[in-house]
Amino acid sequence: MNASNIDAVNRVQTAQLNGQSPRQRLDDLLEKLPAAGSQLSEVQQSDPSAGELVEPVQRINEVMRERGLEFDISENESRVITRVIDRDSGDVIRQIPAEEVLRIAEKLQELRGQFVSLEA
């Protein structure tokens with residue numbers, strides 16, 4: 001949370017002490033938030049690394065596994081892979097993105113930069 005958001009929250013908490021209704025507090029908070037399309041801080045814009053996603057994905061898997069869903073992180077691109085699993089047999093019913101798509105993306109990544117011809 002950046003400083004402007006913390007200031008907005010602090011102002012709302014102060015407003016609560018001033019006897020505002022919940023609707024007034026919500027309106028005040030919404031006025032203090034950055035406008036749509038405005039630049040966010042660099043911390044908020046950066047994509048999480050694969051290491052930062054491991055623990056949240058593990059916690060999600062603990063809850064969703066009983067429903068036949070499993071999430072994983074691909075090693076190469078830090079992509080989240082979703083699998084629908086048959087709870088009885090453990091077989092993968094569906095994977096998103098499909099294994100073939102992951103292989104194609106990997107090959108395209110290897111070829112990246114080789115499509116441009118240096119000759120005019």
# chains A, B, ... in the order shown; residues from 1 in each chain; ligands from 1
$ residues_around --residues "A:Gln95" --least-positions-apart "2" --cutoff "12 Å" --atoms "only C-alpha atoms" --output "PyMOL selection string"
chain A and resi 68-72+80-86+91-93+97-102
$ decode --residues "stretch 95-112 of chain A" --atoms "N, CA, C and O atoms" --output "mmCIF file, in the first residue's frame"
data_model
loop_
_atom_site.group_PDB
_atom_site.id
_atom_site.type_symbol
_atom_site.label_atom_id
_atom_site.label_comp_id
_atom_site.auth_asym_id
_atom_site.auth_seq_id
_atom_site.Cartn_x
_atom_site.Cartn_y
_atom_site.Cartn_z
ATOM 1 N N GLN A 95 -6.517 -29.247 -18.642
ATOM 2 C CA GLN A 95 -5.456 -28.372 -18.151
ATOM 3 C C GLN A 95 -5.528 -27.073 -18.921
ATOM 4 O O GLN A 95 -5.688 -27.065 -20.134
ATOM 5 N N ILE A 96 -5.415 -25.960 -18.214
ATOM 6 C CA ILE A 96 -5.439 -24.638 -18.834
ATOM 7 C C ILE A 96 -4.213 -23.878 -18.360
ATOM 8 O O ILE A 96 -4.050 -23.699 -17.161
ATOM 9 N N PRO A 97 -3.341 -23.394 -19.221
ATOM 10 C CA PRO A 97 -3.279 -23.675 -20.651
ATOM 11 C C PRO A 97 -2.846 -25.119 -20.896
ATOM 12 O O PRO A 97 -2.179 -25.729 -20.066
ATOM 13 N N ALA A 98 -3.232 -25.611 -22.056
ATOM 14 C CA ALA A 98 -2.930 -26.999 -22.409
ATOM 15 C C ALA A 98 -1.422 -27.210 -22.500
ATOM 16 O O ALA A 98 -0.653 -26.273 -22.740
ATOM 17 N N GLU A 99 -1.005 -28.450 -22.312
ATOM 18 C CA GLU A 99 0.421 -28.808 -22.363
ATOM 19 C C GLU A 99 1.043 -28.377 -23.690
ATOM 20 O O GLU A 99 2.171 -27.885 -23.730
ATOM 21 N N GLU A 100 0.293 -28.554 -24.785
ATOM 22 C CA GLU A 100 0.805 -28.170 -26.108
ATOM 23 C C GLU A 100 1.054 -26.674 -26.194
ATOM 24 O O GLU A 100 2.044 -26.226 -26.762
ATOM 25 N N VAL A 101 0.150 -25.896 -25.620
ATOM 26 C CA VAL A 101 0.296 -24.435 -25.636
ATOM 27 C C VAL A 101 1.534 -24.028 -24.842
ATOM 28 O O VAL A 101 2.279 -23.129 -25.248
ATOM 29 N N LEU A 102 1.773 -24.681 -23.718
ATOM 30 C CA LEU A 102 2.966 -24.375 -22.925
ATOM 31 C C LEU A 102 4.243 -24.681 -23.705
ATOM 32 O O LEU A 102 5.209 -23.918 -23.664
ATOM 33 N N ARG A 103 4.245 -25.810 -24.432
ATOM 34 C CA ARG A 103 5.424 -26.151 -25.238
ATOM 35 C C ARG A 103 5.630 -25.153 -26.373
ATOM 36 O O ARG A 103 6.761 -24.768 -26.664
ATOM 37 N N ILE A 104 4.546 -24.740 -27.021
ATOM 38 C CA ILE A 104 4.646 -23.741 -28.093
ATOM 39 C C ILE A 104 5.191 -22.425 -27.538
ATOM 40 O O ILE A 104 6.075 -21.804 -28.130
ATOM 41 N N ALA A 105 4.688 -21.996 -26.394
ATOM 42 C CA ALA A 105 5.160 -20.753 -25.773
ATOM 43 C C ALA A 105 6.644 -20.845 -25.431
ATOM 44 O O ALA A 105 7.396 -19.884 -25.609
ATOM 45 N N GLU A 106 7.074 -22.014 -24.967
ATOM 46 C CA GLU A 106 8.485 -22.218 -24.639
ATOM 47 C C GLU A 106 9.347 -22.102 -25.899
ATOM 48 O O GLU A 106 10.395 -21.462 -25.896
ATOM 49 N N LYS A 107 8.908 -22.734 -26.988
ATOM 50 C CA LYS A 107 9.663 -22.670 -28.249
ATOM 51 C C LYS A 107 9.696 -21.244 -28.799
ATOM 52 O O LYS A 107 10.737 -20.794 -29.294
ATOM 53 N N LEU A 108 8.567 -20.540 -28.711
ATOM 54 C CA LEU A 108 8.536 -19.150 -29.177
ATOM 55 C C LEU A 108 9.484 -18.277 -28.353
ATOM 56 O O LEU A 108 10.124 -17.378 -28.887
ATOM 57 N N GLN A 109 9.567 -18.561 -27.073
ATOM 58 C CA GLN A 109 10.488 -17.813 -26.222
ATOM 59 C C GLN A 109 11.936 -18.057 -26.649
ATOM 60 O O GLN A 109 12.747 -17.142 -26.666
ATOM 61 N N GLU A 110 12.249 -19.302 -27.021
ATOM 62 C CA GLU A 110 13.602 -19.625 -27.485
ATOM 63 C C GLU A 110 13.920 -18.915 -28.796
ATOM 64 O O GLU A 110 15.057 -18.495 -29.027
ATOM 65 N N LEU A 111 12.903 -18.780 -29.660
ATOM 66 C CA LEU A 111 13.106 -18.164 -30.971
ATOM 67 C C LEU A 111 13.000 -16.643 -30.944
ATOM 68 O O LEU A 111 13.242 -15.993 -31.950
ATOM 69 N N ARG A 112 12.619 -16.112 -29.816
ATOM 70 C CA ARG A 112 12.437 -14.669 -29.683
ATOM 71 C C ARG A 112 13.696 -13.926 -30.106
ATOM 72 O O ARG A 112 14.800 -14.219 -29.671
#
